[in-house]
>>> print(open('target.json').read())   # JSON, C-alpha atoms and all ligand atoms
[["chain", "number", "residue", "atom", "x", "y", "z"],
["A", 1, "MET", "CA", 28.96, -23.30, -19.89],
["A", 2, "VAL", "CA", 25.91, -25.37, -19.08],
["A", 3, "GLN", "CA", 26.15, -24.14, -15.51],
["A", 4, "GLU", "CA", 26.31, -20.53, -16.60],
["A", 5, "ASN", "CA", 23.19, -20.99, -18.76],
["A", 6, "ASN", "CA", 21.37, -22.56, -15.84],
["A", 7, "ALA", "CA", 22.28, -19.64, -13.61],
["A", 8, "THR", "CA", 21.08, -17.14, -16.25],
["A", 9, "GLU", "CA", 17.84, -19.07, -16.66],
["A", 10, "LEU", "CA", 17.33, -19.12, -12.90],
["A", 11, "LEU", "CA", 17.92, -15.37, -12.66],
["A", 12, "ARG", "CA", 15.51, -14.74, -15.53],
["A", 13, "TRP", "CA", 12.90, -16.87, -13.77],
["A", 14, "TYR", "CA", 13.41, -14.86, -10.58],
["A", 15, "VAL", "CA", 13.05, -11.53, -12.38],
["A", 16, "GLU", "CA", 9.91, -12.68, -14.22],
["A", 17, "SER", "CA", 8.47, -13.77, -10.87],
["A", 18, "GLY", "CA", 9.05, -10.28, -9.50],
["A", 19, "ILE", "CA", 12.12, -11.20, -7.43],
["A", 20, "ASP", "CA", 14.33, -8.42, -8.71],
["A", 21, "GLU", "CA", 15.97, -7.05, -5.59],
["A", 22, "ALA", "CA", 18.62, -8.56, -3.33],
["A", 23, "LEU", "CA", 17.71, -7.28, 0.11],
["A", 24, "GLU", "CA", 20.04, -9.18, 2.39],
["A", 25, "GLU", "CA", 23.06, -11.46, 2.15],
["A", 26, "GLN", "CA", 21.06, -14.45, 3.36],
["A", 27, "PRO", "CA", 17.56, -15.29, 2.12],
["A", 28, "VAL", "CA", 14.78, -15.09, 4.72],
["A", 29, "ASN", "CA", 12.10, -17.75, 4.52],
["A", 30, "ARG", "CA", 9.01, -15.70, 5.38],
["A", 31, "PHE", "CA", 6.73, -18.70, 4.79],
["A", 32, "LYS", "CA", 8.37, -20.71, 7.57],
["A", 33, "ALA", "CA", 6.07, -21.00, 10.55],
["A", 34, "PRO", "CA", 7.55, -19.50, 13.72],
["A", 35, "GLU", "CA", 8.89, -22.04, 16.24],
["A", 36, "PRO", "CA", 6.05, -23.02, 18.55],
["A", 37, "ALA", "CA", 6.49, -21.60, 22.04],
["A", 38, "ILE", "CA", 7.58, -24.41, 24.37],
["A", 39, "GLN", "CA", 5.00, -24.78, 27.10],
["A", 40, "LYS", "CA", 6.45, -25.58, 30.50],
["A", 41, "PRO", "CA", 4.54, -28.35, 32.25],
["A", 42, "SER", "CA", 2.55, -26.94, 35.13],
["A", 43, "PRO", "CA", 4.14, -27.77, 38.48],
["A", 44, "LEU", "CA", 2.79, -30.80, 40.23],
["A", 45, "PRO", "CA", 0.57, -30.12, 43.23],
["A", 46, "THR", "CA", 2.55, -30.36, 46.44],
["A", 47, "ALA", "CA", -0.33, -31.37, 48.66],
["A", 48, "PRO", "CA", -0.53, -35.14, 49.13],
["A", 49, "VAL", "CA", -3.15, -36.75, 46.97],
["A", 50, "SER", "CA", -5.29, -39.06, 49.02],
["A", 51, "GLN", "CA", -6.38, -42.45, 47.77],
["A", 52, "PRO", "CA", -10.09, -43.10, 47.78],
["A", 53, "GLU", "CA", -10.94, -45.26, 50.74],
["A", 54, "GLY", "CA", -10.82, -48.96, 50.17],
["A", 55, "VAL", "CA", -8.66, -48.71, 47.01],
["A", 56, "ALA", "CA", -5.37, -50.35, 47.60],
["A", 57, "ASP", "CA", -2.29, -48.99, 45.88],
["A", 58, "ALA", "CA", -1.33, -52.37, 44.62],
["A", 59, "GLY", "CA", 2.03, -51.83, 42.99],
["A", 60, "GLY", "CA", 3.00, -48.47, 44.50],
["A", 61, "THR", "CA", 2.10, -46.62, 41.25],
["A", 62, "PRO", "CA", 1.67, -42.89, 41.79],
["A", 63, "PRO", "CA", -1.93, -41.73, 41.68],
["A", 64, "ALA", "CA", -3.14, -40.18, 38.40],
["A", 65, "ILE", "CA", -3.06, -36.37, 38.48],
["A", 66, "MET", "CA", -6.08, -34.73, 36.93],
["A", 67, "PRO", "CA", -5.34, -31.56, 34.91],
["A", 68, "PRO", "CA", -6.89, -28.41, 36.39],
["A", 69, "PRO", "CA", -10.34, -27.63, 34.99],
["A", 70, "VAL", "CA", -10.26, -25.37, 31.93],
["A", 71, "THR", "CA", -12.18, -22.15, 32.50],
["A", 72, "PRO", "CA", -13.81, -20.95, 29.26],
["A", 73, "THR", "CA", -12.61, -17.50, 28.20],
["A", 74, "ALA", "CA", -14.33, -14.96, 25.94],
["A", 75, "PRO", "CA", -13.42, -15.52, 22.25],
["A", 76, "ARG", "CA", -10.58, -13.22, 21.14],
["A", 77, "PRO", "CA", -10.70, -11.44, 17.80],
["A", 78, "PRO", "CA", -8.21, -12.82, 15.25],
["A", 79, "LYS", "CA", -4.72, -11.39, 15.80],
["A", 80, "GLU", "CA", -4.51, -9.85, 12.31],
["A", 81, "LEU", "CA", -7.65, -7.83, 12.98],
["A", 82, "VAL", "CA", -6.27, -6.46, 16.24],
["A", 83, "SER", "CA", -2.99, -5.41, 14.66],
["A", 84, "ARG", "CA", -4.78, -3.91, 11.65],
["A", 85, "ASN", "CA", -6.90, -1.77, 13.97],
["A", 86, "GLU", "CA", -3.86, -0.83, 16.00],
["A", 87, "ALA", "CA", -1.97, 0.09, 12.82],
["A", 88, "MET", "CA", -4.85, 2.27, 11.63],
["A", 89, "LYS", "CA", -5.12, 4.00, 14.99],
["A", 90, "SER", "CA", -1.41, 4.69, 15.15],
["A", 91, "ALA", "CA", -1.45, 6.00, 11.53],
["A", 92, "ARG", "CA", -4.48, 8.20, 12.30],
["A", 93, "ASP", "CA", -2.81, 9.72, 15.36],
["A", 94, "ALA", "CA", 0.50, 10.30, 13.56],
["A", 95, "ALA", "CA", -1.15, 11.76, 10.44],
["A", 96, "LYS", "CA", -3.38, 14.07, 12.46],
["A", 97, "ALA", "CA", -0.41, 15.44, 14.39],
["A", 98, "ALA", "CA", 1.51, 16.24, 11.16],
["A", 99, "ASP", "CA", 1.04, 19.95, 10.41],
["A", 100, "SER", "CA", 3.29, 20.11, 7.34],
["A", 101, "LEU", "CA", 4.39, 17.83, 4.51],
["A", 102, "GLU", "CA", 7.81, 17.49, 6.15],
["A", 103, "ALA", "CA", 6.18, 16.41, 9.41],
["A", 104, "LEU", "CA", 4.01, 13.95, 7.49],
["A", 105, "ARG", "CA", 7.04, 12.43, 5.78],
["A", 106, "GLU", "CA", 8.70, 12.07, 9.17],
["A", 107, "ALA", "CA", 5.58, 10.47, 10.67],
["A", 108, "MET", "CA", 5.44, 7.96, 7.80],
["A", 109, "ALA", "CA", 9.13, 7.17, 8.16],
["A", 110, "ASN", "CA", 8.54, 6.35, 11.84],
["A", 111, "PHE", "CA", 5.38, 4.31, 11.22],
["A", 112, "GLU", "CA", 5.73, 0.59, 11.94],
["A", 113, "GLY", "CA", 2.18, -0.53, 11.09],
["A", 114, "CYS", "CA", 2.69, -1.53, 7.44],
["A", 115, "PRO", "CA", 4.76, -4.65, 6.75],
["A", 116, "LEU", "CA", 5.73, -3.35, 3.28],
["A", 117, "LYS", "CA", 8.22, -1.09, 5.01],
["A", 118, "GLN", "CA", 10.30, -4.18, 5.89],
["A", 119, "THR", "CA", 10.86, -5.21, 2.28],
["A", 120, "ALA", "CA", 11.02, -1.81, 0.56],
["A", 121, "LYS", "CA", 14.28, 0.04, 0.12],
["A", 122, "SER", "CA", 12.85, 3.59, 0.19],
["A", 123, "LEU", "CA", 9.95, 5.58, 1.48],
["A", 124, "VAL", "CA", 8.50, 7.12, -1.69],
["A", 125, "PHE", "CA", 6.74, 10.24, -0.45],
["A", 126, "GLY", "CA", 5.93, 12.61, -3.32],
["A", 127, "ASP", "CA", 7.30, 14.75, -6.11],
["A", 128, "GLY", "CA", 6.48, 18.00, -7.87],
["A", 129, "ALA", "CA", 5.08, 21.33, -6.74],
["A", 130, "THR", "CA", 3.56, 21.18, -3.27],
["A", 131, "SER", "CA", 1.44, 24.23, -4.17],
["A", 132, "ALA", "CA", 0.09, 22.64, -7.38],
["A", 133, "ASN", "CA", -3.59, 22.80, -8.29],
["A", 134, "LEU", "CA", -3.42, 19.30, -9.76],
["A", 135, "MET", "CA", -2.52, 16.31, -7.57],
["A", 136, "PHE", "CA", -1.99, 12.81, -9.03],
["A", 137, "ILE", "CA", -2.33, 9.74, -6.80],
["A", 138, "GLY", "CA", -1.17, 6.34, -8.03],
["A", 139, "GLU", "CA", -1.14, 2.96, -6.33],
["A", 140, "ALA", "CA", 2.32, 2.16, -4.99],
["A", 141, "PRO", "CA", 5.95, 2.50, -6.03],
["A", 142, "GLY", "CA", 7.46, -0.02, -8.44],
["A", 143, "ALA", "CA", 11.07, -1.20, -8.64],
["A", 144, "GLU", "CA", 12.52, 2.00, -10.14],
["A", 145, "GLU", "CA", 10.54, 4.23, -7.76],
["A", 146, "ASP", "CA", 11.82, 2.17, -4.83],
["A", 147, "ARG", "CA", 15.38, 2.56, -6.11],
["A", 148, "GLN", "CA", 15.15, 6.33, -6.62],
["A", 149, "GLY", "CA", 12.73, 7.17, -3.78],
["A", 150, "LEU", "CA", 10.48, 9.11, -6.19],
["A", 151, "PRO", "CA", 6.99, 8.30, -7.53],
["A", 152, "PHE", "CA", 6.34, 7.47, -11.19],
["A", 153, "VAL", "CA", 9.90, 7.43, -12.50],
["A", 154, "GLY", "CA", 9.84, 3.94, -14.10],
["A", 155, "PRO", "CA", 8.21, 3.02, -17.44],
["A", 156, "ALA", "CA", 4.71, 3.99, -16.22],
["A", 157, "GLY", "CA", 6.12, 7.31, -14.99],
["A", 158, "GLN", "CA", 7.70, 8.03, -18.33],
["A", 159, "LEU", "CA", 4.33, 7.51, -19.98],
["A", 160, "LEU", "CA", 2.71, 9.74, -17.34],
["A", 161, "ASP", "CA", 5.25, 12.45, -18.23],
["A", 162, "ARG", "CA", 4.23, 12.16, -21.89],
["A", 163, "MET", "CA", 0.56, 12.32, -20.93],
["A", 164, "LEU", "CA", 1.25, 15.53, -18.99],
["A", 165, "ALA", "CA", 3.23, 16.98, -21.88],
["A", 166, "ALA", "CA", 0.24, 16.29, -24.17],
["A", 167, "ILE", "CA", -1.74, 18.85, -22.15],
["A", 168, "SER", "CA", 1.20, 21.26, -21.86],
["A", 169, "LEU", "CA", 2.18, 20.30, -18.31],
["A", 170, "GLN", "CA", 5.42, 19.15, -16.76],
["A", 171, "ARG", "CA", 6.02, 17.22, -13.57],
["A", 172, "SER", "CA", 7.04, 20.45, -11.87],
["A", 173, "ASP", "CA", 3.54, 21.88, -12.57],
["A", 174, "VAL", "CA", 1.75, 19.12, -10.66],
["A", 175, "TYR", "CA", 2.14, 17.12, -7.44],
["A", 176, "ILE", "CA", 2.48, 13.33, -7.64],
["A", 177, "THR", "CA", 2.22, 10.69, -4.91],
["A", 178, "ASN", "CA", 0.83, 7.20, -4.26],
["A", 179, "MET", "CA", -1.67, 5.51, -1.96],
["A", 180, "LEU", "CA", 1.21, 3.57, -0.42],
["A", 181, "PRO", "CA", 4.72, 4.90, 0.12],
["A", 182, "TRP", "CA", 6.39, 1.46, 0.06],
["A", 183, "ARG", "CA", 6.79, -0.92, -2.85],
["A", 184, "PRO", "CA", 4.87, -4.21, -2.53],
["A", 185, "PRO", "CA", 7.31, -7.08, -3.24],
["A", 186, "GLY", "CA", 7.26, -8.08, -6.90],
["A", 187, "ASN", "CA", 4.86, -5.18, -7.61],
["A", 188, "ARG", "CA", 1.92, -7.22, -6.39],
["A", 189, "THR", "CA", -1.38, -5.47, -5.71],
["A", 190, "PRO", "CA", -1.41, -4.09, -2.16],
["A", 191, "THR", "CA", -3.68, -5.93, 0.28],
["A", 192, "ASP", "CA", -6.69, -4.32, 1.94],
["A", 193, "SER", "CA", -4.81, -4.31, 5.26],
["A", 194, "GLU", "CA", -1.83, -2.49, 3.76],
["A", 195, "ILE", "CA", -4.11, 0.09, 2.15],
["A", 196, "ALA", "CA", -6.12, 0.54, 5.34],
["A", 197, "ALA", "CA", -2.99, 0.98, 7.45],
["A", 198, "CYS", "CA", -1.66, 3.78, 5.21],
["A", 199, "MET", "CA", -5.01, 5.44, 4.46],
["A", 200, "PRO", "CA", -4.76, 8.19, 7.12],
["A", 201, "PHE", "CA", -1.45, 9.28, 5.58],
["A", 202, "ILE", "CA", -2.78, 9.79, 2.06],
["A", 203, "GLU", "CA", -5.86, 11.56, 3.45],
["A", 204, "ARG", "CA", -3.61, 13.96, 5.38],
["A", 205, "HIS", "CA", -1.33, 14.30, 2.33],
["A", 206, "ILE", "CA", -4.32, 15.53, 0.29],
["A", 207, "GLU", "CA", -5.34, 17.96, 3.06],
["A", 208, "LEU", "CA", -1.85, 19.42, 3.27],
["A", 209, "VAL", "CA", -1.36, 19.81, -0.51],
["A", 210, "SER", "CA", -4.95, 20.99, -0.81],
["A", 211, "PRO", "CA", -5.20, 20.70, -4.61],
["A", 212, "LYS", "CA", -8.05, 22.12, -6.70],
["A", 213, "ILE", "CA", -8.32, 18.88, -8.70],
["A", 214, "LEU", "CA", -7.42, 15.28, -7.82],
["A", 215, "ILE", "CA", -6.44, 12.74, -10.45],
["A", 216, "LEU", "CA", -6.78, 9.15, -9.26],
["A", 217, "VAL", "CA", -4.46, 7.03, -11.34],
["A", 218, "GLY", "CA", -5.77, 3.47, -11.69],
["A", 219, "GLY", "CA", -8.35, 1.32, -9.97],
["A", 220, "THR", "CA", -6.82, 1.10, -6.48],
["A", 221, "ALA", "CA", -6.62, 4.86, -5.93],
["A", 222, "ALA", "CA", -10.04, 5.43, -7.52],
["A", 223, "LYS", "CA", -11.87, 2.72, -5.56],
["A", 224, "THR", "CA", -10.31, 3.61, -2.25],
["A", 225, "LEU", "CA", -10.49, 7.38, -2.35],
["A", 226, "LEU", "CA", -13.91, 7.54, -4.03],
["A", 227, "ASN", "CA", -15.13, 4.91, -1.58],
["A", 228, "THR", "CA", -16.72, 2.79, -4.28],
["A", 229, "THR", "CA", -16.65, -0.84, -5.32],
["A", 230, "GLN", "CA", -17.02, 0.11, -8.99],
["A", 231, "GLY", "CA", -14.11, -0.67, -11.27],
["A", 232, "ILE", "CA", -12.05, 1.95, -13.07],
["A", 233, "MET", "CA", -13.91, 1.41, -16.37],
["A", 234, "ARG", "CA", -17.03, 2.75, -14.65],
["A", 235, "THR", "CA", -15.48, 5.51, -12.59],
["A", 236, "ARG", "CA", -13.33, 6.97, -15.39],
["A", 237, "GLY", "CA", -14.80, 9.45, -17.87],
["A", 238, "LYS", "CA", -16.70, 11.62, -15.38],
["A", 239, "TRP", "CA", -16.15, 14.15, -12.63],
["A", 240, "LEU", "CA", -16.71, 12.83, -9.12],
["A", 241, "ASP", "CA", -16.14, 14.31, -5.68],
["A", 242, "TYR", "CA", -13.46, 13.36, -3.19],
["A", 243, "ASN", "CA", -14.95, 14.15, 0.21],
["A", 244, "ARG", "CA", -13.76, 13.61, 3.75],
["A", 245, "GLU", "CA", -14.70, 14.89, 7.16],
["A", 246, "GLY", "CA", -12.70, 18.02, 7.89],
["A", 247, "LEU", "CA", -12.35, 19.14, 4.24],
["A", 248, "ALA", "CA", -13.73, 22.65, 3.71],
["A", 249, "THR", "CA", -15.28, 21.60, 0.38],
["A", 250, "PRO", "CA", -15.19, 18.37, -1.65],
["A", 251, "ILE", "CA", -12.41, 18.22, -4.24],
["A", 252, "PRO", "CA", -13.37, 17.48, -7.87],
["A", 253, "ALA", "CA", -11.76, 14.16, -8.77],
["A", 254, "ARG", "CA", -11.17, 12.32, -12.00],
["A", 255, "ALA", "CA", -10.16, 8.67, -12.27],
["A", 256, "ILE", "CA", -7.93, 7.77, -15.20],
["A", 257, "LEU", "CA", -6.55, 4.49, -16.52],
["A", 258, "HIS", "CA", -3.17, 3.61, -15.05],
["A", 259, "PRO", "CA", -0.23, 4.19, -17.42],
["A", 260, "ASP", "CA", 0.98, 0.65, -16.59],
["A", 261, "TYR", "CA", -2.29, -0.62, -18.05],
["A", 262, "LEU", "CA", -1.98, 1.72, -21.05],
["A", 263, "LEU", "CA", 1.47, 0.30, -21.76],
["A", 264, "ARG", "CA", -0.13, -3.14, -21.97],
["A", 265, "SER", "CA", -3.31, -1.99, -23.75],
["A", 266, "PRO", "CA", -2.33, 0.93, -26.00],
["A", 267, "ALA", "CA", -5.78, 0.89, -27.64],
["A", 268, "GLN", "CA", -7.15, 2.46, -24.43],
["A", 269, "LYS", "CA", -5.00, 5.56, -24.87],
["A", 270, "ARG", "CA", -7.79, 7.12, -26.88],
["A", 271, "GLU", "CA", -10.13, 7.12, -23.85],
["A", 272, "THR", "CA", -7.40, 8.56, -21.71],
["A", 273, "TRP", "CA", -6.76, 11.33, -24.22],
["A", 274, "MET", "CA", -10.40, 12.41, -23.81],
["A", 275, "ASP", "CA", -9.96, 12.40, -20.02],
["A", 276, "LEU", "CA", -6.79, 14.48, -20.30],
["A", 277, "LEU", "CA", -8.56, 17.10, -22.44],
["A", 278, "GLU", "CA", -11.31, 17.38, -19.83],
["A", 279, "ILE", "CA", -8.72, 17.75, -17.08],
["A", 280, "GLN", "CA", -6.94, 20.48, -19.04],
["A", 281, "GLN", "CA", -10.21, 22.34, -19.54],
["A", 282, "ARG", "CA", -11.14, 22.13, -15.86],
["A", 283, "LEU", "CA", -7.69, 23.23, -14.80],
["A", 284, "ASN", "CA", -7.85, 26.25, -17.12],
["A", 285, "ASP", "CA", -11.28, 27.17, -15.72],
["A", 286, "THR", "CA", -9.91, 26.84, -12.17],
["A", 287, "ASN", "CA", -6.92, 29.07, -12.93],
["A", 288, "GLN", "CA", -9.05, 31.86, -14.36],
["B", 301, "LIG", "N1", 2.79, 2.76, -10.40],
["B", 301, "LIG", "C1", 2.22, 3.52, -9.44],
["B", 301, "LIG", "O1", 1.02, 3.40, -9.16],
["B", 301, "LIG", "N2", 2.97, 4.41, -8.82],
["B", 301, "LIG", "C2", 4.26, 4.58, -9.09],
["B", 301, "LIG", "O2", 4.89, 5.43, -8.45],
["B", 301, "LIG", "C3", 4.83, 3.79, -10.10],
["B", 301, "LIG", "C4", 4.07, 2.88, -10.74]]
>>> encode(input="target.json", output="structure tokens")
Amino acid sequence: MVQENNATELLRWYVESGIDEALEEQPVNRFKAPEPAIQKPSPLPTAPVSQPEGVADAGGTPPAIMPPPVTPTAPRPPKELVSRNEAMKSARDAAKAADSLEALREAMANFEGCPLKQTAKSLVFGDGATSANLMFIGEAPGAEEDRQGLPFVGPAGQLLDRMLAAISLQRSDVYITNMLPWRPPGNRTPTDSEIAACMPFIERHIELVSPKILILVGGTAAKTLLNTTQGIMRTRGKWLDYNREGLATPIPARAILHPDYLLRSPAQKRETWMDLLEIQQRLNDTNQ
């Protein structure tokens, strides 16, 4: 009995720490440093080494061999930086070549530049009407989204559905996606490198859906797509422009508080209600 309780406690601790998926039969220790590469000793010179004149080789000891002089090389950029740039270039090329949402999904499925792909179960691409005037962009899938392969279907998604219903919209009236298509382990905040690697995909996603209005759900989407360092409390509550090279015209964008945050801070729902009314008004004006 005691053992069973310990096991339950351990499982609870895992779940609370964000370890809520069994990915493989055997655990992988990703913190373990890779085995150092074994360096082969350089071959000894074959030419006879001459003794300096007048120095007797008293006991027949072999002469000391001096290592070859080290030639200084140009400093190399840190490895992470190189791979981050490579990942961004490969994402840019793949995104640019995608001429439809299907092609974009395929390009993302083949992309190897974001390590989150290794730990996620699904590629969460998008949901809703691809011809919608209103496009919502969140941060990254959570556990339920990863399980179902659809964005915003967990607790935050259920609240988002209620927020839409409050302004007479359903999921099928809008298009929903995320900055990142793969779930960060334990729902941690994505790193700058992960966001940068996937950025060309979300930019192309916006171009292909070509919405009339963009809703940036939460601080990560707002900061990144509005290219600002300001927090969500400053960017919310006003209309801003999403602009990128190649867009015919900037897209009006509105940042809103993330439903995950609203679940934890229900008092902020009031602010969000005001934002939703403004969005409804703008959408009605656009549709006229
Ligand atoms: N949070 C997000 O930002 N996106 C989802 O899809 C789910 C939760």
>>> closest_residue(input="target.json", among="A:Leu164, A:Leu262, A:Ile202, A:Ala221", to="ligand LIG 301 (chain B)", atoms="all atoms listed in the file")
A:Ala221
>>> atom_distance(input="target.json", atom1="atom CA of Gln280 of chain A", atom2="atom CA of Ser131 of chain A")
17.5 Å
>>> residues_near_ligand(input="target.json", ligand="ligand LIG 301 (chain B)", cutoff="8 Å", atoms="all atoms listed in the file", output="PDB file with C-alpha atoms, in the coordinates of the input")
ATOM      1  CA  VAL A 124       8.500   7.120  -1.690  1.00  0.00           C
ATOM      2  CA  ILE A 137      -2.330   9.740  -6.800  1.00  0.00           C
ATOM      3  CA  GLY A 138      -1.170   6.340  -8.030  1.00  0.00           C
ATOM      4  CA  GLU A 139      -1.140   2.960  -6.330  1.00  0.00           C
ATOM      5  CA  ALA A 140       2.320   2.160  -4.990  1.00  0.00           C
ATOM      6  CA  PRO A 141       5.950   2.500  -6.030  1.00  0.00           C
ATOM      7  CA  GLY A 142       7.460  -0.020  -8.440  1.00  0.00           C
ATOM      8  CA  GLU A 144      12.520   2.000 -10.140  1.00  0.00           C
ATOM      9  CA  GLU A 145      10.540   4.230  -7.760  1.00  0.00           C
ATOM     10  CA  LEU A 150      10.480   9.110  -6.190  1.00  0.00           C
ATOM     11  CA  PRO A 151       6.990   8.300  -7.530  1.00  0.00           C
ATOM     12  CA  PHE A 152       6.340   7.470 -11.190  1.00  0.00           C
ATOM     13  CA  VAL A 153       9.900   7.430 -12.500  1.00  0.00           C
ATOM     14  CA  GLY A 154       9.840   3.940 -14.100  1.00  0.00           C
ATOM     15  CA  PRO A 155       8.210   3.020 -17.440  1.00  0.00           C
ATOM     16  CA  ALA A 156       4.710   3.990 -16.220  1.00  0.00           C
ATOM     17  CA  GLY A 157       6.120   7.310 -14.990  1.00  0.00           C
ATOM     18  CA  THR A 177       2.220  10.690  -4.910  1.00  0.00           C
ATOM     19  CA  ASN A 178       0.830   7.200  -4.260  1.00  0.00           C
ATOM     20  CA  MET A 179      -1.670   5.510  -1.960  1.00  0.00           C
ATOM     21  CA  VAL A 217      -4.460   7.030 -11.340  1.00  0.00           C
ATOM     22  CA  GLY A 218      -5.770   3.470 -11.690  1.00  0.00           C
ATOM     23  CA  HIS A 258      -3.170   3.610 -15.050  1.00  0.00           C
ATOM     24  CA  PRO A 259      -0.230   4.190 -17.420  1.00  0.00           C
ATOM     25  CA  ASP A 260       0.980   0.650 -16.590  1.00  0.00           C
TER      26      ASP A 260
END
>>> residues_around(input="target.json", residues="segment 106-113 of chain A", least_positions_apart="2", cutoff="10 Å", atoms="only C-alpha atoms", output="PyMOL selection string")
chain A and resi 83-91+93-98+100-104+115-118+122-125+181+193-194+197-198+201
>>> write_last_selection(input="target.json", atoms="C-alpha atoms", output="PDB file, in the coordinates of the input")
ATOM      1  CA  SER A  83      -2.990  -5.410  14.660  1.00  0.00           C
ATOM      2  CA  ARG A  84      -4.780  -3.910  11.650  1.00  0.00           C
ATOM      3  CA  ASN A  85      -6.900  -1.770  13.970  1.00  0.00           C
ATOM      4  CA  GLU A  86      -3.860  -0.830  16.000  1.00  0.00           C
ATOM      5  CA  ALA A  87      -1.970   0.090  12.820  1.00  0.00           C
ATOM      6  CA  MET A  88      -4.850   2.270  11.630  1.00  0.00           C
ATOM      7  CA  LYS A  89      -5.120   4.000  14.990  1.00  0.00           C
ATOM      8  CA  SER A  90      -1.410   4.690  15.150  1.00  0.00           C
ATOM      9  CA  ALA A  91      -1.450   6.000  11.530  1.00  0.00           C
ATOM     10  CA  ASP A  93      -2.810   9.720  15.360  1.00  0.00           C
ATOM     11  CA  ALA A  94       0.500  10.300  13.560  1.00  0.00           C
ATOM     12  CA  ALA A  95      -1.150  11.760  10.440  1.00  0.00           C
ATOM     13  CA  LYS A  96      -3.380  14.070  12.460  1.00  0.00           C
ATOM     14  CA  ALA A  97      -0.410  15.440  14.390  1.00  0.00           C
ATOM     15  CA  ALA A  98       1.510  16.240  11.160  1.00  0.00           C
ATOM     16  CA  SER A 100       3.290  20.110   7.340  1.00  0.00           C
ATOM     17  CA  LEU A 101       4.390  17.830   4.510  1.00  0.00           C
ATOM     18  CA  GLU A 102       7.810  17.490   6.150  1.00  0.00           C
ATOM     19  CA  ALA A 103       6.180  16.410   9.410  1.00  0.00           C
ATOM     20  CA  LEU A 104       4.010  13.950   7.490  1.00  0.00           C
ATOM     21  CA  PRO A 115       4.760  -4.650   6.750  1.00  0.00           C
ATOM     22  CA  LEU A 116       5.730  -3.350   3.280  1.00  0.00           C
ATOM     23  CA  LYS A 117       8.220  -1.090   5.010  1.00  0.00           C
ATOM     24  CA  GLN A 118      10.300  -4.180   5.890  1.00  0.00           C
ATOM     25  CA  SER A 122      12.850   3.590   0.190  1.00  0.00           C
ATOM     26  CA  LEU A 123       9.950   5.580   1.480  1.00  0.00           C
ATOM     27  CA  VAL A 124       8.500   7.120  -1.690  1.00  0.00           C
ATOM     28  CA  PHE A 125       6.740  10.240  -0.450  1.00  0.00           C
ATOM     29  CA  PRO A 181       4.720   4.900   0.120  1.00  0.00           C
ATOM     30  CA  SER A 193      -4.810  -4.310   5.260  1.00  0.00           C
ATOM     31  CA  GLU A 194      -1.830  -2.490   3.760  1.00  0.00           C
ATOM     32  CA  ALA A 197      -2.990   0.980   7.450  1.00  0.00           C
ATOM     33  CA  CYS A 198      -1.660   3.780   5.210  1.00  0.00           C
ATOM     34  CA  PHE A 201      -1.450   9.280   5.580  1.00  0.00           C
TER      35      PHE A 201
END
>>> closest_residue(input="target.json", among="A:Thr272, A:Ser210, A:Gln148, A:Thr220", to="Lys238 of chain A", atoms="all atoms listed in the file")
A:Thr272
